[in-house]
>>> print(open('start_6.txt').read())   # compact mmCIF, C-alpha atoms
# COMPACT_ATOMS: atom_id res chain seq x y z
CA MET S 1 89.01 136.28 103.95
CA ASP S 2 90.39 136.70 100.44
CA ASN S 3 91.47 133.73 98.31
CA ASN S 4 95.22 134.21 98.87
CA GLU S 5 94.77 134.29 102.65
CA TYR S 6 92.61 131.16 102.51
CA ILE S 7 95.23 129.30 100.45
CA LYS S 8 97.98 130.35 102.84
CA LYS S 9 96.04 129.08 105.86
CA LEU S 10 95.33 125.81 104.05
CA GLU S 11 99.03 125.40 103.20
CA ASN S 12 99.99 125.99 106.83
CA LEU S 13 97.38 123.46 108.01
CA ILE S 14 98.75 120.79 105.64
CA LYS S 15 102.30 121.51 106.82
CA GLN S 16 101.19 120.96 110.42
CA MET S 17 99.46 117.70 109.47
CA LEU S 18 102.60 116.39 107.79
CA LYS S 19 104.85 116.80 110.81
CA PRO S 20 105.69 113.24 111.94
CA LEU S 21 104.36 112.16 115.32
CA LYS S 22 107.03 110.47 117.41
CA ASP S 23 107.31 108.21 120.45
CA ILE S 24 103.65 107.19 120.71
CA PRO S 25 103.21 104.10 122.95
CA PHE S 26 101.92 101.04 121.10
CA ASN S 27 99.14 100.38 123.61
CA LEU S 28 97.63 103.85 123.09
CA VAL S 29 97.66 103.41 119.30
CA ILE S 30 95.95 100.02 119.46
CA GLU S 31 93.27 101.22 121.87
CA ALA S 32 92.58 104.35 119.79
CA MET S 33 92.34 102.32 116.56
CA THR S 34 90.40 99.32 117.83
CA GLY S 35 88.94 100.06 121.26
CA LYS S 36 90.83 96.98 122.52
CA LYS S 37 93.32 97.12 125.39
CA VAL S 38 96.89 95.87 125.20
CA ILE S 39 97.27 93.87 128.38
CA SER S 40 100.65 94.39 130.04
CA PHE S 41 102.79 91.31 130.52
CA ASN S 42 103.20 90.58 134.23
CA LEU S 43 105.85 88.14 135.47
CA LYS S 44 103.93 87.83 138.75
CA ASN S 45 100.91 86.48 136.86
CA SER S 46 101.09 82.67 136.83
CA ASP S 47 99.39 82.41 133.43
CA HIS S 48 101.86 84.87 131.95
CA GLN S 49 104.76 82.89 133.43
CA LYS S 50 103.45 79.72 131.78
CA VAL S 51 102.86 81.48 128.46
CA LEU S 52 106.43 82.78 128.45
CA GLU S 53 107.76 79.28 129.09
CA LEU S 54 105.61 77.91 126.24
CA LEU S 55 106.84 80.68 123.94
CA LYS S 56 110.44 79.73 124.79
CA GLN S 57 109.71 76.09 123.95
CA SER S 58 108.03 77.13 120.72
CA ALA S 59 110.96 79.34 119.72
CA LEU S 60 113.44 76.51 120.25
CA SER S 61 111.24 73.97 118.48
CA ALA S 62 110.55 76.23 115.48
CA GLY S 63 114.21 77.24 115.22
CA LYS S 64 115.41 73.63 115.26
CA GLU S 65 112.84 72.67 112.62
CA ILE S 66 113.88 75.59 110.39
CA ASN S 67 117.54 74.62 110.73
CA LYS S 68 116.95 71.08 109.46
CA THR S 69 116.82 72.33 105.86
CA GLY S 70 116.98 76.11 106.13
CA ILE S 71 114.78 78.63 104.33
CA LEU S 72 115.57 79.37 100.69
CA ARG S 73 115.22 83.02 99.79
CA PRO S 74 117.22 85.51 97.70
CA ARG S 75 116.82 88.31 100.29
CA PRO S 76 116.67 88.27 104.09
CA ASN S 77 113.57 90.50 104.31
CA GLU S 78 111.55 87.69 102.71
CA VAL S 79 112.38 85.12 105.39
CA GLY S 80 109.95 86.43 108.03
CA ASN S 81 106.83 85.21 106.23
CA ASP S 82 108.33 81.72 105.86
CA ILE S 83 108.96 81.49 109.61
CA GLU S 84 105.29 82.00 110.57
CA PRO S 85 104.10 78.43 109.75
CA TYR S 86 106.95 76.93 111.79
CA VAL S 87 105.98 79.09 114.77
CA ARG S 88 102.29 78.25 114.47
CA ASN S 89 103.08 74.53 114.26
CA ALA S 90 105.32 74.77 117.32
CA LEU S 91 102.63 76.59 119.30
CA ASN S 92 99.99 74.08 118.25
CA SER S 93 102.21 71.16 119.28
CA LEU S 94 101.93 72.61 122.80
CA GLY S 95 98.14 72.87 122.62
CA LEU S 96 97.92 76.66 122.16
CA ASN S 97 95.41 76.65 119.28
CA ALA S 98 97.46 79.06 117.18
CA ASP S 99 96.04 80.38 113.91
CA ILE S 100 95.99 83.34 111.56
CA PRO S 101 93.93 86.07 113.27
CA VAL S 102 90.58 87.13 111.87
CA GLY S 103 89.50 90.70 111.26
CA THR S 104 86.38 92.43 112.53
CA LYS S 105 84.28 90.72 109.83
CA GLY S 106 85.44 87.26 110.83
CA ASN S 107 87.72 86.68 107.83
CA LYS S 108 91.23 85.28 108.23
CA LYS S 109 93.85 87.71 106.96
CA ALA S 110 97.37 86.44 106.31
CA MET S 111 98.74 89.92 105.60
CA GLY S 112 99.09 92.65 108.18
CA TYR S 113 99.68 92.87 111.92
CA PRO S 114 99.58 90.59 113.89
CA ASP S 115 100.73 87.26 112.41
CA VAL S 116 99.39 84.83 115.01
CA LEU S 117 96.59 84.56 117.57
CA PHE S 118 96.98 81.81 120.19
CA TRP S 119 95.09 80.85 123.33
CA PHE S 120 96.05 79.77 126.84
CA ASN S 121 93.45 79.02 129.54
CA ASN S 122 90.76 80.49 127.26
CA ASN S 123 92.60 83.83 127.02
CA PRO S 124 93.87 85.29 123.73
CA TYR S 125 97.46 86.34 122.97
CA TYR S 126 98.80 88.05 119.85
CA LEU S 127 102.20 87.25 118.36
CA GLU S 128 104.18 88.86 115.54
CA CYS S 129 107.01 86.88 113.89
CA LYS S 130 110.17 88.75 112.92
CA THR S 131 113.76 88.15 111.87
CA TYR S 132 116.87 90.23 112.36
CA ASN S 133 120.50 90.33 111.31
CA ILE S 134 122.94 90.85 114.16
CA GLU S 135 124.82 93.39 112.02
CA ASN S 136 121.88 95.83 111.84
CA ILE S 137 120.06 95.15 115.12
CA GLY S 138 121.27 98.47 116.54
CA THR S 139 120.40 100.61 113.51
CA THR S 140 117.35 102.77 112.80
CA GLN S 141 116.20 100.54 109.94
CA ARG S 142 112.40 100.30 110.02
CA SER S 143 111.42 96.84 111.28
CA PHE S 144 107.91 97.11 112.77
CA TYR S 145 104.95 98.79 111.15
CA PHE S 146 101.22 98.50 110.57
CA SER S 147 98.47 100.61 109.03
CA PRO S 148 94.84 101.27 110.01
CA SER S 149 92.39 98.97 108.27
CA ASP S 150 88.64 98.35 108.13
CA GLU S 151 89.50 94.73 109.01
CA PHE S 152 92.32 95.24 111.48
CA LYS S 153 93.15 91.91 113.11
CA VAL S 154 93.12 93.00 116.75
CA ILE S 155 89.66 92.15 118.08
CA TYR S 156 90.47 91.09 121.66
CA ASP S 157 91.96 92.65 124.77
CA ALA S 158 95.24 90.74 124.94
CA PRO S 159 99.00 90.83 125.53
CA HIS S 160 101.08 91.41 122.40
CA PHE S 161 104.42 89.68 121.76
CA ILE S 162 107.13 89.60 119.11
CA LEU S 163 109.11 86.41 118.52
CA SER S 164 112.18 87.31 116.47
CA PHE S 165 114.91 85.01 115.16
CA GLU S 166 118.47 86.03 114.36
CA ILE S 167 119.09 84.61 110.89
CA TYR S 168 122.31 83.99 108.99
CA VAL S 169 123.30 82.61 105.60
CA SER S 170 124.48 79.02 105.98
CA GLY S 171 124.99 78.32 102.28
CA GLU S 172 123.74 78.80 98.75
CA LYS S 173 121.38 76.81 96.55
CA GLU S 174 120.84 77.83 92.94
CA ASN S 175 119.87 81.53 93.09
CA ASN S 176 118.87 81.50 96.76
CA HIS S 177 120.61 81.88 100.08
CA ILE S 178 119.98 79.20 102.70
CA TYR S 179 118.90 80.98 105.88
CA LYS S 180 119.08 79.40 109.34
CA CYS S 181 118.52 80.62 112.92
CA LYS S 182 121.03 80.99 115.72
CA HIS S 183 119.25 83.05 118.40
CA TYR S 184 115.75 84.15 119.40
CA LYS S 185 114.22 87.06 121.27
CA ILE S 186 110.75 87.19 122.83
CA LEU S 187 109.51 90.75 123.30
CA SER S 188 106.52 92.23 125.09
CA ILE S 189 105.56 95.35 123.16
CA GLU S 190 102.80 97.11 125.14
CA SER S 191 104.95 100.23 125.48
CA LEU S 192 106.88 100.02 122.21
CA SER S 193 107.58 103.56 120.96
CA LEU S 194 106.04 104.24 117.53
CA ASP S 195 106.33 107.03 114.97
CA VAL S 196 103.68 108.12 112.47
CA LYS S 197 104.48 109.64 109.10
CA TYR S 198 101.61 110.67 106.88
CA GLU S 199 101.52 110.17 103.12
CA PHE S 200 99.38 111.41 100.26
CA ASN S 201 98.02 108.88 97.78
CA SER S 202 95.71 108.54 94.82
CA ASP S 203 94.43 105.66 92.67
CA ASN S 204 94.31 104.54 89.04
CA LYS S 205 90.79 105.84 88.44
CA ARG S 206 91.67 109.38 89.46
CA MET S 207 95.14 109.33 87.93
CA TYR S 208 94.24 108.05 84.45
CA SER S 209 90.68 109.35 83.94
CA GLY S 210 91.68 112.94 83.22
CA LYS S 211 88.67 113.99 85.31
CA ASP S 212 90.17 114.36 88.79
CA GLY S 213 93.05 116.75 88.40
CA THR S 214 95.25 115.07 85.80
CA ILE S 215 95.35 116.18 82.19
CA VAL S 216 95.81 113.44 79.60
CA LEU S 217 98.14 115.24 77.19
CA CYS S 218 98.20 112.49 74.58
CA GLU S 219 97.91 108.75 74.15
CA GLY S 220 98.00 106.21 71.33
CA GLU S 221 98.36 102.64 70.27
CA ILE S 222 101.74 100.96 69.82
CA GLU S 223 102.03 98.41 67.02
>>> encode(input="start_6.txt", output="structure tokens")
Amino acid sequence: MDNNEYIKKLENLIKQMLKPLKDIPFNLVIEAMTGKKVISFNLKNSDHQKVLELLKQSALSAGKEINKTGILRPRPNEVGNDIEPYVRNALNSLGLNADIPVGTKGNKKAMGYPDVLFWFNNNPYYLECKTYNIENIGTTQRSFYFSPSDEFKVIYDAPHFILSFEIYVSGEKENNHIYKCKHYKILSIESLSLDVKYEFNSDNKRMYSGKDGTIVLCEGEIE
């Protein structure tokens, strides 16, 4: 194989790799990444019935607590992180031992999926906290995502839920909006359809060293 043919085959291979994968069920992704099963929610299971009722109580309790003062943020996409402590407190008030999940090395990780691990009858359940605006709930705006990690926070076979609050601006304070809740949704996501889009990346060491493909054309001090 000559060099031009090799390059052409390599280009075609990369093009194939970059084609987005679509409509992959969430449970298959989790099991492939972690070896852990996503347990399907079953309304005929008495434990699952009780967990759903407790999630409803937690949603109402957290929402009412949030609405006492509201959440101050300049942008709505920042509100989700502020909701997590309210949800954890509401779950814990019902005896569900909710906490930030740990990764495979046993370290708590605030960032990344999922937000909360809670327990009922010695069984684990994962919960992600989200917010939405009623005006864009039917759009294709990206709202759920996660990336592979050496310390991914799914370490148990468990059901996976999303608790999402509809938020609205109830007023202004200084440079912030005051966000409150008016509705909640509890979702079971074992079959949630996911897409994968690859990306290329590099790092500072390779980019600035001039040794790994970049050429430092010039540089100098600025007085």
>>> atom_distance(input="start_6.txt", atom1="atom CA of Glu135 of chain S", atom2="atom CA of Glu65 of chain S")
23.9 Å
>>> closest_residue(input="start_6.txt", among="S:Arg142, S:Lys153, S:Lys22, S:His48", to="Pro101 of chain S", atoms="all atoms listed in the file")
S:Lys153
>>> residues_near_point(input="start_6.txt", point="(108.5, 92.0, 121.7)", cutoff="8 Å", atoms="only C-alpha atoms", output="list in words")
His160, Phe161, Ile162, Leu163, Ser164, Lys185, Ile186, Leu187, Ser188 and Ile189 of chain S
>>> write_last_selection(input="start_6.txt", atoms="C-alpha atoms", output="compact mmCIF listing (two decimals), in the coordinates of the input")
# COMPACT_ATOMS: atom_id res chain seq x y z
CA HIS S 160 101.08 91.41 122.40
CA PHE S 161 104.42 89.68 121.76
CA ILE S 162 107.13 89.60 119.11
CA LEU S 163 109.11 86.41 118.52
CA SER S 164 112.18 87.31 116.47
CA LYS S 185 114.22 87.06 121.27
CA ILE S 186 110.75 87.19 122.83
CA LEU S 187 109.51 90.75 123.30
CA SER S 188 106.52 92.23 125.09
CA ILE S 189 105.56 95.35 123.16
>>> atom_distance(input="start_6.txt", atom1="atom CA of Gly171 of chain S", atom2="atom CA of Glu84 of chain S")
21.7 Å
>>> closest_atom_pairs(input="start_6.txt", of="segment 24-80 of chain S", to="segment 122-125 of chain S", cutoff="12 Å", atoms="only C-alpha atoms", output="Markdown table")
| residue | atom | partner | partner_atom | distance |
| --- | --- | --- | --- | --- |
| S:Lys37 | CA | S:Tyr125 | CA | 11.8 |
| S:Val38 | CA | S:Tyr125 | CA | 9.8 |
| S:Ile39 | CA | S:Tyr125 | CA | 9.3 |
| S:Ser40 | CA | S:Tyr125 | CA | 11.2 |
| S:Phe41 | CA | S:Tyr125 | CA | 10.5 |
| S:Asp47 | CA | S:Asn123 | CA | 9.4 |
| S:His48 | CA | S:Tyr125 | CA | 10.1 |
| S:Val51 | CA | S:Tyr125 | CA | 9.1 |
| S:Leu52 | CA | S:Tyr125 | CA | 11.1 |
| S:Leu55 | CA | S:Tyr125 | CA | 11.0 |
>>> write_last_selection(input="start_6.txt", atoms="C-alpha atoms", output="mmCIF file, in the frame of the given file")
data_model
loop_
_atom_site.group_PDB
_atom_site.id
_atom_site.type_symbol
_atom_site.label_atom_id
_atom_site.label_comp_id
_atom_site.auth_asym_id
_atom_site.auth_seq_id
_atom_site.Cartn_x
_atom_site.Cartn_y
_atom_site.Cartn_z
ATOM 1 C CA LYS S 37 93.320 97.120 125.390
ATOM 2 C CA VAL S 38 96.890 95.870 125.200
ATOM 3 C CA ILE S 39 97.270 93.870 128.380
ATOM 4 C CA SER S 40 100.650 94.390 130.040
ATOM 5 C CA PHE S 41 102.790 91.310 130.520
ATOM 6 C CA ASP S 47 99.390 82.410 133.430
ATOM 7 C CA HIS S 48 101.860 84.870 131.950
ATOM 8 C CA VAL S 51 102.860 81.480 128.460
ATOM 9 C CA LEU S 52 106.430 82.780 128.450
ATOM 10 C CA LEU S 55 106.840 80.680 123.940
#
>>> closest_residue(input="start_6.txt", among="S:Met111, S:Leu127, S:Ala90, S:Val79", to="Ala62 of chain S", atoms="all atoms listed in the file")
S:Ala90
>>> residues_near_point(input="start_6.txt", point="(96.3, 80.4, 103.4)", cutoff="12 Å", atoms="all atoms listed in the file", output="MDAnalysis selection string")
chainID S and resid 81 84:85 99:101 107:111
>>> atom_distance(input="start_6.txt", atom1="atom CA of Ile30 of chain S", atom2="atom CA of Thr131 of chain S")
22.7 Å
>>> closest_residue(input="start_6.txt", among="S:Pro74, S:Gly35, S:Gly63, S:Gly112", to="His183 of chain S", atoms="only C-alpha atoms")
S:Gly63
>>> closest_atom_pairs(input="start_6.txt", of="segment 172-219 of chain S", to="segment 144-148 of chain S", cutoff="12 Å", atoms="all atoms listed in the file", output="JSON lines")
{"residue": "S:Ile189", "atom": "CA", "partner": "S:Phe144", "partner_atom": "CA", "distance": 10.8}
{"residue": "S:Leu192", "atom": "CA", "partner": "S:Phe144", "partner_atom": "CA", "distance": 9.9}
{"residue": "S:Ser193", "atom": "CA", "partner": "S:Phe144", "partner_atom": "CA", "distance": 10.4}
{"residue": "S:Leu194", "atom": "CA", "partner": "S:Tyr145", "partner_atom": "CA", "distance": 8.5}
{"residue": "S:Asp195", "atom": "CA", "partner": "S:Tyr145", "partner_atom": "CA", "distance": 9.2}
{"residue": "S:Val196", "atom": "CA", "partner": "S:Tyr145", "partner_atom": "CA", "distance": 9.5}
{"residue": "S:Lys197", "atom": "CA", "partner": "S:Ser147", "partner_atom": "CA", "distance": 10.8}
{"residue": "S:Tyr198", "atom": "CA", "partner": "S:Ser147", "partner_atom": "CA", "distance": 10.8}
{"residue": "S:Glu199", "atom": "CA", "partner": "S:Ser147", "partner_atom": "CA", "distance": 11.6}
>>> residues_around(input="start_6.txt", residues="Tyr126 of chain S", least_positions_apart="6", cutoff="8 Å", atoms="all atoms listed in the file", output="PyMOL selection string")
chain S and resi 114-118+158-161
>>> residues_around(input="start_6.txt", residues="Lys64 of chain S", least_positions_apart="2", cutoff="12 Å", atoms="all atoms listed in the file", output="list of chain:residue names")
S:Gln57, S:Ser58, S:Ala59, S:Leu60, S:Ser61, S:Ala62, S:Ile66, S:Asn67, S:Lys68, S:Thr69, S:Gly70, S:Ile83, S:Tyr86, S:Val87, S:Ala90, S:Phe165, S:Lys180, S:Cys181, S:Lys182, S:His183, S:Tyr184
>>> residues_around(input="start_6.txt", residues="Leu72 of chain S", least_positions_apart="6", cutoff="10 Å", atoms="all atoms listed in the file", output="PyMOL selection string")
chain S and resi 78-79+82+169+171-180
>>> residues_around(input="start_6.txt", residues="Ile134 of chain S", least_positions_apart="6", cutoff="9 Å", atoms="all atoms listed in the file", output="list in words")
Glu166, Ile167 and Tyr168 of chain S
>>> write_last_selection(input="start_6.txt", atoms="C-alpha atoms", output="PDB file, keeping the file's coordinate frame")
ATOM      1  CA  GLU S 166     118.470  86.030 114.360  1.00  0.00           C
ATOM      2  CA  ILE S 167     119.090  84.610 110.890  1.00  0.00           C
ATOM      3  CA  TYR S 168     122.310  83.990 108.990  1.00  0.00           C
TER       4      TYR S 168
END
>>> closest_residue(input="start_6.txt", among="S:Met207, S:Ile14, S:Ile215, S:Ile155", to="Met33 of chain S", atoms="all atoms listed in the file")
S:Ile155
>>> axis_aligned_box(input="start_6.txt", around="segment 150-161 of chain S", padding_each_side="6 Å", output="lines of an AutoDock Vina configuration file")
center_x = 96.5
center_y = 94.0
center_z = 116.8
size_x = 27.8
size_y = 20.7
size_z = 29.4
>>> closest_residue(input="start_6.txt", among="S:Asn12, S:Asn77, S:Asn3, S:Asn121", to="Lys50 of chain S", atoms="all atoms listed in the file")
S:Asn121
>>> closest_residue(input="start_6.txt", among="S:Pro20, S:Gly220, S:Gly80, S:Gly210", to="Cys129 of chain S", atoms="only C-alpha atoms")
S:Gly80
